[in-house]
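Below: one structure, written as structure tokens.
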Amino acid sequence: MSAIFKREFISYFTSPVGYAVLAAFTFFSGIFMWVYCMYPGTSNMSGVFQSMFFIVLFVIPLITMRLFAEDKKQKTDQALLTAPVGIPSIVTAKYLSALAMTGLCLSAFIIEGITLSFMSHPDWSVIIGNVFGMALLGSSFIAIGLFISSLTESVIVAGIVSFAVNVLISLLDTVASTIPADFIKDMFSSLSFQSRYSHFALGLFSLSDVLYFVTLTFFFLFLTDRVIERRRWA
């Protein structure tokens, strides 16, 4: 499993993808940092995290789109499937490589928090809580993207579909506002990524939000495992 993890993680930096993702994430987080903190002279980074939600929607599909789709396209998936490694280990290794890449991106917030420390006294509990919340959000996005990548051999299709699904799930609360039936409205709102993540962005910790993201992550990893298992015996 460690060999697959290393191969996948290093591959981000043997192509422009890793550098582009890091550059985009750092660029936009820096802009939002200036707009919400540096320019008004405040240490409250809630606006930064809320705005970066939409950037994560776009960045995560770039990280996940090639994980299985590229193997299928280059016909290297058969060698992987016949290796003496269990399917859960393959899926987990690819998932962890994408999660590690996301962690590199999130480290930008820690650097920005340290920068703020030279100017004011930021609340580190809020910053760490927000980073934790975005890590959970990213984890779910990664699991969804990994599943979609396992369904196609087109890297572009995997990226576009992952982005579309992420946007759809994130905006369920907006869709819910147009539904007259209260129980359906409540159900859609509870499933929305944006409404779940907004609690973390405001510095609020909710166990139900944590369980939601963790459960969704394991659910899509399980679905990916089933797709790859079926392909192994096809």
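Convention: chains lettered A, B, ... in structure tokens order; per-chain residue numbering from 1; ligands numbered from 1 as shown.
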Mind listing the helix (DSSP H, G or I) residues of stretch 3-224 of chain A, per DSSP on the backbone, as an MDAnalysis selection string? chainID A and resid 3:11 16:38 46:64 69:73 77:81 87:117 124:149 155:170 172:176 182:191 193:201 207:224
So that I can see what lies close to stretch 150-163 of chain A, please list as a VMD selection string the residues with an atom at most 6 Å from it, counting only C-alpha atoms and leaving out residues fewer than 3 positions away in the same chain. chain A and resid 61 65 to 66 68 to 69 72 to 73 145 147 166
Per residue of stretch 50-136 of chain A within 10 Å of stretch 6-15 of chain A, note the shortest atom pair and the distance in Å to one decimal, counting only C-alpha atoms, and order the rows by chain and increasing residue number, as JSON lines.
```
{"residue": "A:Ile63", "atom": "CA", "partner": "A:Tyr12", "partner_atom": "CA", "distance": 8.1}
{"residue": "A:Arg66", "atom": "CA", "partner": "A:Glu8", "partner_atom": "CA", "distance": 9.7}
{"residue": "A:Leu67", "atom": "CA", "partner": "A:Glu8", "partner_atom": "CA", "distance": 7.6}
{"residue": "A:Ala93", "atom": "CA", "partner": "A:Glu8", "partner_atom": "CA", "distance": 8.1}
{"residue": "A:Lys94", "atom": "CA", "partner": "A:Glu8", "partner_atom": "CA", "distance": 6.5}
{"residue": "A:Tyr95", "atom": "CA", "partner": "A:Glu8", "partner_atom": "CA", "distance": 9.4}
{"residue": "A:Leu96", "atom": "CA", "partner": "A:Phe9", "partner_atom": "CA", "distance": 8.7}
{"residue": "A:Ser97", "atom": "CA", "partner": "A:Phe9", "partner_atom": "CA", "distance": 5.0}
{"residue": "A:Ala98", "atom": "CA", "partner": "A:Phe9", "partner_atom": "CA", "distance": 7.2}
{"residue": "A:Leu99", "atom": "CA", "partner": "A:Phe9", "partner_atom": "CA", "distance": 9.5}
{"residue": "A:Ala100", "atom": "CA", "partner": "A:Phe9", "partner_atom": "CA", "distance": 7.6}
{"residue": "A:Met101", "atom": "CA", "partner": "A:Phe9", "partner_atom": "CA", "distance": 7.2}
```
Please compute the atom CA of A:Ala164-atom CA of A:Ser195 distance, one decimal, in Å. 17.6 Å
Counting only C-alpha atoms, which of A:Met38, A:Ile55, A:Met45, A:Phe193 gets nearest to A:Val126?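 Checking each candidate against A:Val126, we get A:Met45 as the closest.
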Using only C-alpha atoms, the best pick from A:Leu116, A:Val35, A:Ala143, A:Ile87 as closest to A:Val227 would be A:Ile87
Go through A:Cys105, A:Thr92, A:Gly47, A:Leu62 one by one, measure the shortest atom-to-atom distance of each to A:Ala23 using only C-alpha atoms, and give the residue with the smallest value.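 Selected residue with least distance to A:Ala23: A:Cys105.
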Judged by only C-alpha atoms, the minimum distance to A:Ile148 among A:Ile228, A:Leu171, A:Leu207, A:Ile128 is found for A:Ile228
Residues within 10 Å of stretch 135-138 of chain A, only C-alpha atoms, excluding chain neighbours under 2 positions, as a ChimeraX atom specification: /A:53,56-57,59-60,98-99,102-103,106,129-133,140-144,193-194,196-197,209-214,216-217
Using N, CA and C atoms, can you export the residues from the last selection as a short mmCIF file (atom, residue, chain, number, x, y, z; two decimals), in the first residue's frame?
```cif
data_model
loop_
_atom_site.label_atom_id
_atom_site.label_comp_id
_atom_site.auth_asym_id
_atom_site.auth_seq_id
_atom_site.Cartn_x
_atom_site.Cartn_y
_atom_site.Cartn_z
N PHE A 53 -14.32 27.85 0.44
CA PHE A 53 -15.20 26.70 0.20
C PHE A 53 -15.40 26.50 -1.29
N VAL A 56 -12.30 25.16 -3.07
CA VAL A 56 -12.13 23.73 -2.83
C VAL A 56 -13.03 22.91 -3.76
N LEU A 57 -14.22 23.43 -4.05
CA LEU A 57 -15.12 22.77 -4.99
C LEU A 57 -14.44 22.50 -6.33
N VAL A 59 -10.87 22.78 -6.85
CA VAL A 59 -9.53 22.22 -6.72
C VAL A 59 -9.54 20.70 -6.51
N ILE A 60 -10.44 20.20 -5.68
CA ILE A 60 -10.45 18.77 -5.36
C ILE A 60 -10.64 17.89 -6.60
N ALA A 98 -4.34 11.63 -2.29
CA ALA A 98 -5.12 12.84 -2.58
C ALA A 98 -5.33 13.66 -1.31
N LEU A 99 -5.55 12.97 -0.18
CA LEU A 99 -5.73 13.66 1.10
C LEU A 99 -4.44 14.37 1.51
N THR A 102 -4.16 17.47 -0.49
CA THR A 102 -5.08 18.48 0.07
C THR A 102 -4.50 19.08 1.34
N GLY A 103 -3.86 18.24 2.16
CA GLY A 103 -3.22 18.73 3.38
C GLY A 103 -2.15 19.77 3.10
N LEU A 106 -3.94 22.98 2.51
CA LEU A 106 -4.49 23.54 3.75
C LEU A 106 -3.41 24.16 4.64
N GLY A 129 -9.78 24.83 14.13
CA GLY A 129 -11.10 24.24 13.92
C GLY A 129 -11.56 24.36 12.49
N ASN A 130 -11.28 25.49 11.87
CA ASN A 130 -11.65 25.70 10.47
C ASN A 130 -10.85 24.80 9.54
N VAL A 131 -9.56 24.66 9.83
CA VAL A 131 -8.72 23.77 9.02
C VAL A 131 -9.22 22.33 9.14
N PHE A 132 -9.58 21.94 10.35
CA PHE A 132 -10.14 20.60 10.58
C PHE A 132 -11.43 20.41 9.79
N GLY A 133 -12.30 21.42 9.83
CA GLY A 133 -13.56 21.35 9.10
C GLY A 133 -13.33 21.26 7.60
N SER A 140 -14.45 14.30 2.06
CA SER A 140 -15.67 13.84 1.39
C SER A 140 -15.60 14.10 -0.11
N PHE A 141 -15.12 15.28 -0.49
CA PHE A 141 -14.97 15.60 -1.91
C PHE A 141 -14.02 14.61 -2.59
N ILE A 142 -12.94 14.25 -1.90
CA ILE A 142 -11.96 13.31 -2.45
C ILE A 142 -12.60 11.94 -2.66
N ALA A 143 -13.36 11.46 -1.69
CA ALA A 143 -14.00 10.16 -1.81
C ALA A 143 -14.98 10.14 -2.98
N ILE A 144 -15.72 11.23 -3.15
CA ILE A 144 -16.65 11.33 -4.28
C ILE A 144 -15.89 11.34 -5.60
N PHE A 193 -23.47 20.28 1.74
CA PHE A 193 -22.11 20.48 2.21
C PHE A 193 -21.90 21.91 2.71
N GLN A 194 -22.49 22.85 2.00
CA GLN A 194 -22.26 24.25 2.36
C GLN A 194 -22.82 24.58 3.73
N ARG A 196 -23.39 22.45 6.14
CA ARG A 196 -22.61 21.70 7.14
C ARG A 196 -21.27 22.38 7.42
N TYR A 197 -20.60 22.80 6.35
CA TYR A 197 -19.28 23.39 6.53
C TYR A 197 -19.35 24.79 7.14
N ASP A 209 -21.96 17.18 12.33
CA ASP A 209 -21.30 17.57 11.08
C ASP A 209 -20.08 16.69 10.81
N VAL A 210 -19.33 16.40 11.87
CA VAL A 210 -18.15 15.53 11.74
C VAL A 210 -18.59 14.15 11.27
N LEU A 211 -19.61 13.59 11.92
CA LEU A 211 -20.10 12.26 11.57
C LEU A 211 -20.65 12.22 10.14
N TYR A 212 -21.27 13.32 9.72
CA TYR A 212 -21.82 13.39 8.37
C TYR A 212 -20.70 13.26 7.33
N PHE A 213 -19.65 14.06 7.47
CA PHE A 213 -18.56 14.02 6.50
C PHE A 213 -17.81 12.69 6.55
N VAL A 214 -17.59 12.17 7.75
CA VAL A 214 -16.88 10.89 7.89
C VAL A 214 -17.69 9.75 7.27
N LEU A 216 -20.02 9.94 4.94
CA LEU A 216 -20.07 10.10 3.49
C LEU A 216 -18.76 9.66 2.84
N THR A 217 -17.65 9.97 3.50
CA THR A 217 -16.34 9.56 2.99
C THR A 217 -16.24 8.05 2.91
#
```
Report the distance between atom CA of A:Ser149 and atom CA of A:Leu223 in Å, rounded to one decimal place.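 Computing the Euclidean distance for atom CA of A:Ser149 and atom CA of A:Leu223 yields 11.7 Å.
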With distances taken over only C-alpha atoms, which of A:Ser170, A:Met134, A:Ala3, A:Phe49 is nearest to A:Glu112? A:Phe49
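The space separating atom CA of A:Val91 from atom CA of A:Leu22 comes to 23.3 Å.
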Best match for closeness to A:Leu104 among A:Phe200, A:Phe118, A:Phe25, A:Phe218, counting only C-alpha atoms: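 Counting only C-alpha atoms, the residue closest to A:Leu104 is A:Phe25.
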